[in-house]
Amino acid sequence: MKILVCISNVPDTTTKVKFVDDKKKLDTAGIQWIINPWDELSLTRALELKDDTTNGVQSVTVAHVGLIGAEPTIRKALAIGADDAIRINADPSDAYFVAFQLAQVIKSEPYDIILCGIESSDFNGSAVGGMLAEFLGYPSVSSVSGVGIVDGKIIINREIDGGKEIVSVPMPVVAIVQKGIAKEPRIAAMRGIMMARTKPLRVIEPFEVESLTTVINFEMPTPRAACKFIDAENPRQLIELLQNEAKII
Amino acid sequence: MSVLIFVENWDGKFKKLSFELVSYGAKLAEMLNTEAVALSIGNVINSELEKLGNFGAKKIISAVNNSINVFDSEVYTSIIAGFAKQEDAKVVVLSHNNTGKAIAPRLSVQLKAGLGSGVSKLPQRIDPFMVYKKVFSGNAFSNLTINTGIKILTLAQNSFELVETPNNSIINEISIDWNPSSVKTTVTEVQKQSGKILLTDADIVVSGGRGMKSSENWGPIVELADLLGAATACSRPVSDEGWRPHEEHTGQTGKIIAPNLYFAIGISGATQHLAGVSSSKFIVAINTDKDAPIFSAAQYGIIGDASKVLPKLVEAVKVVKGI
Ligand SMILES: Cc1cc2nc3c(=O)[nH]c(=O)nc-3n(C[C@H](O)[C@H](O)[C@H](O)COP(=O)(O)OP(=O)(O)OC[C@H]3O[C@@H](n4cnc5c(N)ncnc54)[C@H](O)[C@@H]3O)c2cc1C
């Protein structure tokens with residue numbers, strides 16, 4: 001069984017983003033790039049599945065659509081424990097473009113389980129996983145909070161409103177994961193970092209396809225009005241403000 | 001031409017978010033000079049379907065088949081795509097909830113229609129079609145153009161006001177093919193809690209952080225929530241510690257919510273936490289540290305020890321409610 005984890009390269013989640021070029025581009029100066037948090041958890045879970053040899057997972061591969069600047073993030077995934085990596089050498093212009101690239105690669109070298117994050121913390125699109133599955137004609141399960149292998153079959157926990165379902169689907173499958181899939185992201189050990197340098201990272205040139213959407217520019221959120229402070233001894237005043245000023249209770 | 005709105009049902013019932021979605025779709029249809037068509041899949045009785053007409057749906061398609069018993073994103077995608085073609089939809093609108101997120105991207109590929117996900121406003125412009133959406137987990141917004149003939153939008157929950165209109169809708173019941181053997185998803189077990197207000201649906205949310213010190217101190221939070229008809233929530237370290245269940249974790253990696261009122265009690269207001277709650281209409285913060293970043297996101301704040309402030313707050317609510 002082979003697992004593919006699709007990873008996105010995003011600014012560290014504490015980044016105070018700024019824009020340049022008439023607010024058309026992200027100011028990348030000083031940004032720390034990381035593996036998208038959900039993808040990092042997916043990778044962790046994929047490696048846990050591989051560690052348990054009874055599951056019969058032969059390899060965990062990571063794939064990324066992006067330019068050479070993303071290689072440190074890909075190397076980090078290899079250091080954490082992925083066996084090999086693929087980088088499709090293109091600027092990831094929109095989710096449709098990215099999903100198409102991944103689909104072409106997977107068509108030529110199939111995987112049994114493909115893990116994608118529920119969203120990428122930069123563009124918050126919640127799109128690549130579902131699009132990828134549709135391009136491939138594979139089933140997809142979204143809002144996944146757990147993945148296991150039992151007797152060679154995949155068992156998935158899917159979050160639903162007010163609870164969860166345990167779901168089975170035939171492989172190959174795209175699982176679109178959110179919180180719960182793994183507890184803590186696995187961190188790279190020194191040995192892993194040394195080994196990552198020599199693990200295979202293949203670069204593939206992009207396939208021809210258009211993007212369907214274009215980011216015109218960015219805006220900063222409108223700043224909130226200053227906080228009104230209420231005396232800790234008199235919370236009654238808070239309730240009055242919520243009733244009469246905010247009119248919400 | 002039409003704007004097609006996919007409205008999910010929960011055991012045959014709609015929710016506030018369904019009506020928000022229809023209100024949004026109807027306004028969008030007005031902008032495009034066309035009609036709003038609502039699409040429901042599964043068994044919903046007519047008196048419930050009619051409610052969609054109160055928010056501007058002109059035609060309500062009720063696609064039924066008695067054997068639909070599981071959510072399978074491939075099957076739902078092809079049903080919706082079929083109606084999008086039949087109704088000559090220019091825009092298909094879905095909710096940015098679990099179900100919408102599972103369907104919208106597949107639909108985008110199937111119809112080769114650009115996707116604008118998690119939009120919170122009507123399009124800024126129609127030609128080119130430009131939507132406004134959250135990026136960088138709420139730290140910025142983007143203006144995004146969708147360059148295809150058909151567009152798919154998912155609407156962020158609680159971001160659009162309900163708009164009631166005189167009801168002149170018609171209901172079209174259509175029985176659809178549902179071949180059980182083409183359904184690849186099998187649900188083997190369902191674990192559901194009932195009777196609790198869902199965090200994603202709640203108008204008011206009372207949330208506690210590490211400043212609450214231990215799970216034993218949650219009594220007044222639960223009491224306050226009960227008094228206000230609110231849902232309870234928590235920050236990530238709280239659910240990681242097991243003080244509260246994981247479903248309550250809000251933030252970037254937890255639930256993303258947009259209630260009218262969010263109480264952040266003993267929560268510092270880390271960017272990753274704010275990513276999940278910054279769309280709340282009002283935030284109240286209670287914290288001992290006057291410099292805590294949560295106060296920059298809040299409209300109302302109390303600087304103080306939660307263990308002392310909360311009981312007083314509970315008393316004040318009781319007085320107001322006449323309890
Ligand atoms: C990739 C990533 C994703 C993350 N995702 C999330 C997420 O989804 N959600 C999330 O919440 N966090 C998330 N985090 C963690 C986040 O960075 C913070 O660590 C976390 O939000 C802090 O939780 P807290 O505010 O409860 O605790 P703390 O930061 O420890 O804050 C506790 C607060 O309580 C106050 N306090 C202490 N005692 C009292 C008292 N007696 N009365 C009143 N106030 C008191 C303190 O002044 C302080 O402000 C994420 C982190 C990373 C790296």
# chains A, B, ... in the order shown; residues from 1 in each chain; ligands from 1
$ select_by_dssp --residues "range 144-236 of chain B" --states "strand (DSSP E or B)" --output "JSON, numbers by chain"
{"B": [144, 145, 146, 151, 152, 153, 154, 155, 170, 171, 172, 173, 174, 175, 186, 187, 188, 189, 190, 191, 192, 204, 205, 206, 207, 208, 231, 232, 233, 234]}
$ closest_atom_pairs --of "chain B" --to "ligand 1" --cutoff "7 Å" --atoms "only C-alpha atoms and all ligand atoms" --output "JSON lines"
{"residue": "B:Gly208", "atom": "CA", "partner": "ligand 1", "partner_atom_place_in_ligand_line": "26 (O)", "distance": 6.8}
{"residue": "B:Gly209", "atom": "CA", "partner": "ligand 1", "partner_atom_place_in_ligand_line": "26 (O)", "distance": 3.2}
{"residue": "B:Arg210", "atom": "CA", "partner": "ligand 1", "partner_atom_place_in_ligand_line": "26 (O)", "distance": 3.8}
{"residue": "B:Gly211", "atom": "CA", "partner": "ligand 1", "partner_atom_place_in_ligand_line": "34 (O)", "distance": 3.3}
{"residue": "B:Met212", "atom": "CA", "partner": "ligand 1", "partner_atom_place_in_ligand_line": "40 (C)", "distance": 6.0}
{"residue": "B:Lys213", "atom": "CA", "partner": "ligand 1", "partner_atom_place_in_ligand_line": "38 (N)", "distance": 6.9}
{"residue": "B:Cys234", "atom": "CA", "partner": "ligand 1", "partner_atom_place_in_ligand_line": "11 (O)", "distance": 7.0}
{"residue": "B:Ser235", "atom": "CA", "partner": "ligand 1", "partner_atom_place_in_ligand_line": "11 (O)", "distance": 3.5}
{"residue": "B:Arg236", "atom": "CA", "partner": "ligand 1", "partner_atom_place_in_ligand_line": "11 (O)", "distance": 4.0}
{"residue": "B:Pro237", "atom": "CA", "partner": "ligand 1", "partner_atom_place_in_ligand_line": "23 (O)", "distance": 5.4}
{"residue": "B:Val238", "atom": "CA", "partner": "ligand 1", "partner_atom_place_in_ligand_line": "26 (O)", "distance": 6.3}
{"residue": "B:His249", "atom": "CA", "partner": "ligand 1", "partner_atom_place_in_ligand_line": "9 (N)", "distance": 6.3}
{"residue": "B:Thr250", "atom": "CA", "partner": "ligand 1", "partner_atom_place_in_ligand_line": "9 (N)", "distance": 5.1}
{"residue": "B:Gly251", "atom": "CA", "partner": "ligand 1", "partner_atom_place_in_ligand_line": "8 (O)", "distance": 3.2}
{"residue": "B:Gln252", "atom": "CA", "partner": "ligand 1", "partner_atom_place_in_ligand_line": "8 (O)", "distance": 3.8}
{"residue": "B:Thr253", "atom": "CA", "partner": "ligand 1", "partner_atom_place_in_ligand_line": "8 (O)", "distance": 3.7}
{"residue": "B:Gly254", "atom": "CA", "partner": "ligand 1", "partner_atom_place_in_ligand_line": "8 (O)", "distance": 4.4}
{"residue": "B:Ile265", "atom": "CA", "partner": "ligand 1", "partner_atom_place_in_ligand_line": "43 (C)", "distance": 6.2}
{"residue": "B:Gly266", "atom": "CA", "partner": "ligand 1", "partner_atom_place_in_ligand_line": "34 (O)", "distance": 3.5}
{"residue": "B:Ile267", "atom": "CA", "partner": "ligand 1", "partner_atom_place_in_ligand_line": "25 (O)", "distance": 3.4}
{"residue": "B:Ser268", "atom": "CA", "partner": "ligand 1", "partner_atom_place_in_ligand_line": "49 (O)", "distance": 3.3}
{"residue": "B:Gly269", "atom": "CA", "partner": "ligand 1", "partner_atom_place_in_ligand_line": "25 (O)", "distance": 5.5}
{"residue": "B:Ala270", "atom": "CA", "partner": "ligand 1", "partner_atom_place_in_ligand_line": "21 (O)", "distance": 4.9}
{"residue": "B:Thr271", "atom": "CA", "partner": "ligand 1", "partner_atom_place_in_ligand_line": "17 (O)", "distance": 6.6}
{"residue": "B:Gln272", "atom": "CA", "partner": "ligand 1", "partner_atom_place_in_ligand_line": "6 (C)", "distance": 4.5}
{"residue": "B:His273", "atom": "CA", "partner": "ligand 1", "partner_atom_place_in_ligand_line": "10 (C)", "distance": 3.9}
{"residue": "B:Gly276", "atom": "CA", "partner": "ligand 1", "partner_atom_place_in_ligand_line": "8 (O)", "distance": 6.6}
{"residue": "B:Ile286", "atom": "CA", "partner": "ligand 1", "partner_atom_place_in_ligand_line": "43 (C)", "distance": 5.8}
{"residue": "B:Asn287", "atom": "CA", "partner": "ligand 1", "partner_atom_place_in_ligand_line": "44 (N)", "distance": 3.6}
{"residue": "B:Thr288", "atom": "CA", "partner": "ligand 1", "partner_atom_place_in_ligand_line": "44 (N)", "distance": 4.4}
{"residue": "B:Asp289", "atom": "CA", "partner": "ligand 1", "partner_atom_place_in_ligand_line": "47 (O)", "distance": 4.3}
{"residue": "B:Ala292", "atom": "CA", "partner": "ligand 1", "partner_atom_place_in_ligand_line": "49 (O)", "distance": 5.2}
{"residue": "B:Gly304", "atom": "CA", "partner": "ligand 1", "partner_atom_place_in_ligand_line": "43 (C)", "distance": 5.9}
{"residue": "B:Asp305", "atom": "CA", "partner": "ligand 1", "partner_atom_place_in_ligand_line": "42 (N)", "distance": 3.6}
{"residue": "B:Ala306", "atom": "CA", "partner": "ligand 1", "partner_atom_place_in_ligand_line": "42 (N)", "distance": 3.7}
{"residue": "B:Ser307", "atom": "CA", "partner": "ligand 1", "partner_atom_place_in_ligand_line": "41 (N)", "distance": 5.9}
$ select_by_dssp --residues "range 7-95 of chain B" --states "helix (DSSP H, G or I)" --output "ChimeraX atom specification"
/B:16-31,46-55,73-86
$ atom_distance --atom1 "CA of Phe263 in chain B" --atom2 "CA of Gly242 in chain B"
20.4 Å
$ closest_atom_pairs --of "chain A" --to "chain B" --cutoff "7 Å" --atoms "only C-alpha atoms" --output "CSV"
residue,atom,partner,partner_atom,distance
A:Thr13,CA,B:Gln272,CA,6.6
A:Thr14,CA,B:Thr271,CA,5.8
A:Val17,CA,B:Asn139,CA,6.9
A:Ser121,CA,B:Phe136,CA,5.7
A:Asp122,CA,B:Phe136,CA,4.3
A:Phe123,CA,B:Val135,CA,4.7
A:Asn124,CA,B:Val135,CA,5.7
A:Gly125,CA,B:Ser117,CA,5.7
A:Ser126,CA,B:Lys101,CA,6.3
A:Ala127,CA,B:Pro105,CA,5.0
A:Gly130,CA,B:Pro105,CA,5.0
A:Met131,CA,B:Pro105,CA,4.9
A:Glu134,CA,B:Arg106,CA,5.2
A:Phe135,CA,B:Val109,CA,6.8
A:Pro139,CA,B:Glu74,CA,6.5
A:Ser140,CA,B:Ser73,CA,6.8
A:Ser142,CA,B:Ala102,CA,5.4
A:Ser143,CA,B:Asn98,CA,6.3
A:Gly162,CA,B:Lys192,CA,5.8
A:Gly163,CA,B:Lys192,CA,4.3
A:Lys164,CA,B:Gln191,CA,5.3
A:Glu165,CA,B:Val190,CA,4.4
A:Ile166,CA,B:Glu189,CA,5.1
A:Val167,CA,B:Val187,CA,4.4
A:Ser168,CA,B:Thr186,CA,5.2
A:Val169,CA,B:Thr185,CA,5.0
A:Pro170,CA,B:Lys184,CA,6.8
A:Lys179,CA,B:Thr253,CA,6.0
A:Leu212,CA,B:Gly114,CA,4.9
A:Thr213,CA,B:Ile146,CA,4.5
A:Thr214,CA,B:Thr145,CA,5.2
A:Val215,CA,B:Leu144,CA,4.4
A:Ile216,CA,B:Asn143,CA,5.5
A:Asn217,CA,B:Asn143,CA,5.6
A:Phe218,CA,B:Ser142,CA,4.3
A:Glu219,CA,B:Phe141,CA,5.1
A:Met220,CA,B:Ala140,CA,4.7
A:Pro221,CA,B:Ala140,CA,5.6
A:Arg224,CA,B:Ala297,CA,6.6
A:Ala225,CA,B:Gln299,CA,6.8
A:Ala226,CA,B:Gln299,CA,6.5
A:Cys227,CA,B:Gln299,CA,4.3
A:Lys228,CA,B:Tyr300,CA,4.8
A:Phe229,CA,B:Gly301,CA,4.8
A:Ile230,CA,B:Ile302,CA,5.2
A:Asp231,CA,B:Ile302,CA,6.4
A:Ala232,CA,B:Ile302,CA,5.6
A:Pro235,CA,B:Leu313,CA,5.3
A:Arg236,CA,B:Ala316,CA,5.0
A:Ile239,CA,B:Val317,CA,6.8
$ atom_distance --atom1 "CA of Val37 in chain B" --atom2 "CA of Phe160 in chain B"
18.1 Å
$ closest_residue --among "A:Pro172, A:Gly81, A:Gly117, A:Gly146" --to "Arg197 in chain A" --atoms "only C-alpha atoms"
A:Gly81
$ residues_around --residues "Ile68 in chain A" --least-positions-apart "5" --cutoff "9 Å" --atoms "only C-alpha atoms" --output "list of chain:residue names"
A:Arg87, A:Asn89, A:Ala90
$ decode --residues "range 43-164 of chain A" --atoms "C-alpha atoms" --output "PDB file, in the first residue's frame"
ATOM      1  CA  LEU A  43       1.976  13.290   7.371  1.00  0.00           C
ATOM      2  CA  THR A  44       2.253  12.341  11.030  1.00  0.00           C
ATOM      3  CA  ARG A  45      -0.708   9.969  10.729  1.00  0.00           C
ATOM      4  CA  ALA A  46       0.615   8.463   7.482  1.00  0.00           C
ATOM      5  CA  LEU A  47       3.930   7.706   9.221  1.00  0.00           C
ATOM      6  CA  GLU A  48       2.135   6.191  12.224  1.00  0.00           C
ATOM      7  CA  LEU A  49       0.261   3.895   9.825  1.00  0.00           C
ATOM      8  CA  LYS A  50       3.546   2.902   8.199  1.00  0.00           C
ATOM      9  CA  ASP A  51       5.250   2.289  11.562  1.00  0.00           C
ATOM     10  CA  ASP A  52       2.723  -0.423  12.374  1.00  0.00           C
ATOM     11  CA  THR A  53       4.028  -3.033   9.956  1.00  0.00           C
ATOM     12  CA  THR A  54       0.819  -5.069  10.130  1.00  0.00           C
ATOM     13  CA  ASN A  55      -0.827  -2.320   8.052  1.00  0.00           C
ATOM     14  CA  GLY A  56       1.381  -3.113   5.060  1.00  0.00           C
ATOM     15  CA  VAL A  57       2.188   0.490   4.147  1.00  0.00           C
ATOM     16  CA  GLN A  58       5.243   0.375   1.879  1.00  0.00           C
ATOM     17  CA  SER A  59       5.894   4.055   1.412  1.00  0.00           C
ATOM     18  CA  VAL A  60       4.823   7.577   2.322  1.00  0.00           C
ATOM     19  CA  THR A  61       5.431  10.141  -0.406  1.00  0.00           C
ATOM     20  CA  VAL A  62       4.844  13.893  -0.183  1.00  0.00           C
ATOM     21  CA  ALA A  63       3.866  16.026  -3.163  1.00  0.00           C
ATOM     22  CA  HIS A  64       3.942  19.792  -3.491  1.00  0.00           C
ATOM     23  CA  VAL A  65       3.134  22.178  -6.311  1.00  0.00           C
ATOM     24  CA  GLY A  66       5.473  25.143  -5.995  1.00  0.00           C
ATOM     25  CA  LEU A  67       8.707  26.770  -6.990  1.00  0.00           C
ATOM     26  CA  ILE A  68      12.198  25.919  -5.770  1.00  0.00           C
ATOM     27  CA  GLY A  69      11.836  28.248  -2.771  1.00  0.00           C
ATOM     28  CA  ALA A  70       9.546  25.667  -1.166  1.00  0.00           C
ATOM     29  CA  GLU A  71      12.239  22.982  -1.026  1.00  0.00           C
ATOM     30  CA  PRO A  72      13.204  23.639   2.619  1.00  0.00           C
ATOM     31  CA  THR A  73       9.598  22.846   3.574  1.00  0.00           C
ATOM     32  CA  ILE A  74       9.679  19.672   1.458  1.00  0.00           C
ATOM     33  CA  ARG A  75      13.005  18.670   3.054  1.00  0.00           C
ATOM     34  CA  LYS A  76      11.376  19.178   6.425  1.00  0.00           C
ATOM     35  CA  ALA A  77       8.676  16.667   5.459  1.00  0.00           C
ATOM     36  CA  LEU A  78      11.427  14.232   4.459  1.00  0.00           C
ATOM     37  CA  ALA A  79      13.203  14.889   7.764  1.00  0.00           C
ATOM     38  CA  ILE A  80      10.007  14.119   9.668  1.00  0.00           C
ATOM     39  CA  GLY A  81       9.985  10.752   7.909  1.00  0.00           C
ATOM     40  CA  ALA A  82       8.471  10.781   4.399  1.00  0.00           C
ATOM     41  CA  ASP A  83      10.338   8.355   2.109  1.00  0.00           C
ATOM     42  CA  ASP A  84      10.445  10.532  -0.976  1.00  0.00           C
ATOM     43  CA  ALA A  85       9.045  13.724  -2.421  1.00  0.00           C
ATOM     44  CA  ILE A  86       7.737  15.183  -5.652  1.00  0.00           C
ATOM     45  CA  ARG A  87       7.758  18.871  -6.480  1.00  0.00           C
ATOM     46  CA  ILE A  88       5.808  20.081  -9.466  1.00  0.00           C
ATOM     47  CA  ASN A  89       7.696  23.119 -10.557  1.00  0.00           C
ATOM     48  CA  ALA A  90       5.056  25.830 -10.948  1.00  0.00           C
ATOM     49  CA  ASP A  91       3.681  28.827  -9.130  1.00  0.00           C
ATOM     50  CA  PRO A  92       0.489  27.485  -7.496  1.00  0.00           C
ATOM     51  CA  SER A  93      -1.878  30.018  -9.074  1.00  0.00           C
ATOM     52  CA  ASP A  94      -5.196  28.578  -7.900  1.00  0.00           C
ATOM     53  CA  ALA A  95      -6.673  25.425  -6.397  1.00  0.00           C
ATOM     54  CA  TYR A  96      -7.902  24.125  -9.781  1.00  0.00           C
ATOM     55  CA  PHE A  97      -4.412  24.475 -11.237  1.00  0.00           C
ATOM     56  CA  VAL A  98      -2.800  22.769  -8.229  1.00  0.00           C
ATOM     57  CA  ALA A  99      -5.293  19.886  -8.144  1.00  0.00           C
ATOM     58  CA  PHE A 100      -4.845  19.309 -11.883  1.00  0.00           C
ATOM     59  CA  GLN A 101      -1.050  19.041 -11.497  1.00  0.00           C
ATOM     60  CA  LEU A 102      -1.358  16.553  -8.633  1.00  0.00           C
ATOM     61  CA  ALA A 103      -3.918  14.520 -10.587  1.00  0.00           C
ATOM     62  CA  GLN A 104      -1.559  14.138 -13.576  1.00  0.00           C
ATOM     63  CA  VAL A 105       1.218  12.848 -11.332  1.00  0.00           C
ATOM     64  CA  ILE A 106      -1.087  10.407  -9.542  1.00  0.00           C
ATOM     65  CA  LYS A 107      -2.430   9.086 -12.857  1.00  0.00           C
ATOM     66  CA  SER A 108       1.069   8.068 -13.868  1.00  0.00           C
ATOM     67  CA  GLU A 109       2.022   6.610 -10.471  1.00  0.00           C
ATOM     68  CA  PRO A 110      -1.047   5.566  -8.456  1.00  0.00           C
ATOM     69  CA  TYR A 111      -1.397   5.679  -4.671  1.00  0.00           C
ATOM     70  CA  ASP A 112      -3.925   3.887  -2.483  1.00  0.00           C
ATOM     71  CA  ILE A 113      -4.531   6.627   0.078  1.00  0.00           C
ATOM     72  CA  ILE A 114      -4.139  10.300  -0.714  1.00  0.00           C
ATOM     73  CA  LEU A 115      -4.275  12.733   2.195  1.00  0.00           C
ATOM     74  CA  CYS A 116      -5.008  16.445   1.782  1.00  0.00           C
ATOM     75  CA  GLY A 117      -5.674  19.104   4.421  1.00  0.00           C
ATOM     76  CA  ILE A 118      -9.164  20.572   4.804  1.00  0.00           C
ATOM     77  CA  GLU A 119      -7.675  23.932   3.872  1.00  0.00           C
ATOM     78  CA  SER A 120      -4.402  25.695   3.389  1.00  0.00           C
ATOM     79  CA  SER A 121      -3.866  28.369   6.028  1.00  0.00           C
ATOM     80  CA  ASP A 122      -2.915  30.979   3.404  1.00  0.00           C
ATOM     81  CA  PHE A 123      -5.827  31.062   0.959  1.00  0.00           C
ATOM     82  CA  ASN A 124      -8.327  29.094   3.073  1.00  0.00           C
ATOM     83  CA  GLY A 125      -9.819  27.571  -0.075  1.00  0.00           C
ATOM     84  CA  SER A 126     -10.926  24.124   1.179  1.00  0.00           C
ATOM     85  CA  ALA A 127     -10.651  23.043  -2.430  1.00  0.00           C
ATOM     86  CA  VAL A 128      -7.623  21.022  -3.529  1.00  0.00           C
ATOM     87  CA  GLY A 129      -8.596  17.656  -2.012  1.00  0.00           C
ATOM     88  CA  GLY A 130     -12.102  17.534  -3.477  1.00  0.00           C
ATOM     89  CA  MET A 131     -10.948  18.834  -6.861  1.00  0.00           C
ATOM     90  CA  LEU A 132      -8.174  16.263  -6.982  1.00  0.00           C
ATOM     91  CA  ALA A 133     -10.621  13.432  -6.274  1.00  0.00           C
ATOM     92  CA  GLU A 134     -12.956  14.661  -9.005  1.00  0.00           C
ATOM     93  CA  PHE A 135     -10.132  14.906 -11.569  1.00  0.00           C
ATOM     94  CA  LEU A 136      -9.179  11.325 -10.726  1.00  0.00           C
ATOM     95  CA  GLY A 137     -12.730   9.981 -10.423  1.00  0.00           C
ATOM     96  CA  TYR A 138     -11.867   8.696  -6.925  1.00  0.00           C
ATOM     97  CA  PRO A 139     -14.191   8.795  -3.924  1.00  0.00           C
ATOM     98  CA  SER A 140     -13.389  11.489  -1.375  1.00  0.00           C
ATOM     99  CA  VAL A 141     -14.275  11.773   2.271  1.00  0.00           C
ATOM    100  CA  SER A 142     -14.112  15.226   3.822  1.00  0.00           C
ATOM    101  CA  SER A 143     -13.974  16.445   7.468  1.00  0.00           C
ATOM    102  CA  VAL A 144     -11.842  13.402   8.301  1.00  0.00           C
ATOM    103  CA  SER A 145     -10.710  13.200  11.924  1.00  0.00           C
ATOM    104  CA  GLY A 146      -9.277   9.695  11.899  1.00  0.00           C
ATOM    105  CA  VAL A 147      -7.791   7.191   9.454  1.00  0.00           C
ATOM    106  CA  GLY A 148      -7.012   3.549  10.193  1.00  0.00           C
ATOM    107  CA  ILE A 149      -6.316   0.376   8.279  1.00  0.00           C
ATOM    108  CA  VAL A 150      -8.127  -2.810   9.238  1.00  0.00           C
ATOM    109  CA  ASP A 151      -7.554  -6.039   7.255  1.00  0.00           C
ATOM    110  CA  GLY A 152      -6.111  -4.067   4.379  1.00  0.00           C
ATOM    111  CA  LYS A 153      -9.131  -1.755   4.208  1.00  0.00           C
ATOM    112  CA  ILE A 154      -9.311   1.915   5.101  1.00  0.00           C
ATOM    113  CA  ILE A 155     -11.571   2.991   7.958  1.00  0.00           C
ATOM    114  CA  ILE A 156     -12.300   6.695   8.279  1.00  0.00           C
ATOM    115  CA  ASN A 157     -13.821   8.855  11.010  1.00  0.00           C
ATOM    116  CA  ARG A 158     -15.837  11.675   9.523  1.00  0.00           C
ATOM    117  CA  GLU A 159     -17.053  14.640  11.588  1.00  0.00           C
ATOM    118  CA  ILE A 160     -20.712  15.488  11.144  1.00  0.00           C
ATOM    119  CA  ASP A 161     -22.821  18.147  12.862  1.00  0.00           C
ATOM    120  CA  GLY A 162     -22.969  17.133  16.499  1.00  0.00           C
ATOM    121  CA  GLY A 163     -21.006  13.910  16.215  1.00  0.00           C
ATOM    122  CA  LYS A 164     -19.091  11.605  13.952  1.00  0.00           C
TER     123      LYS A 164
END
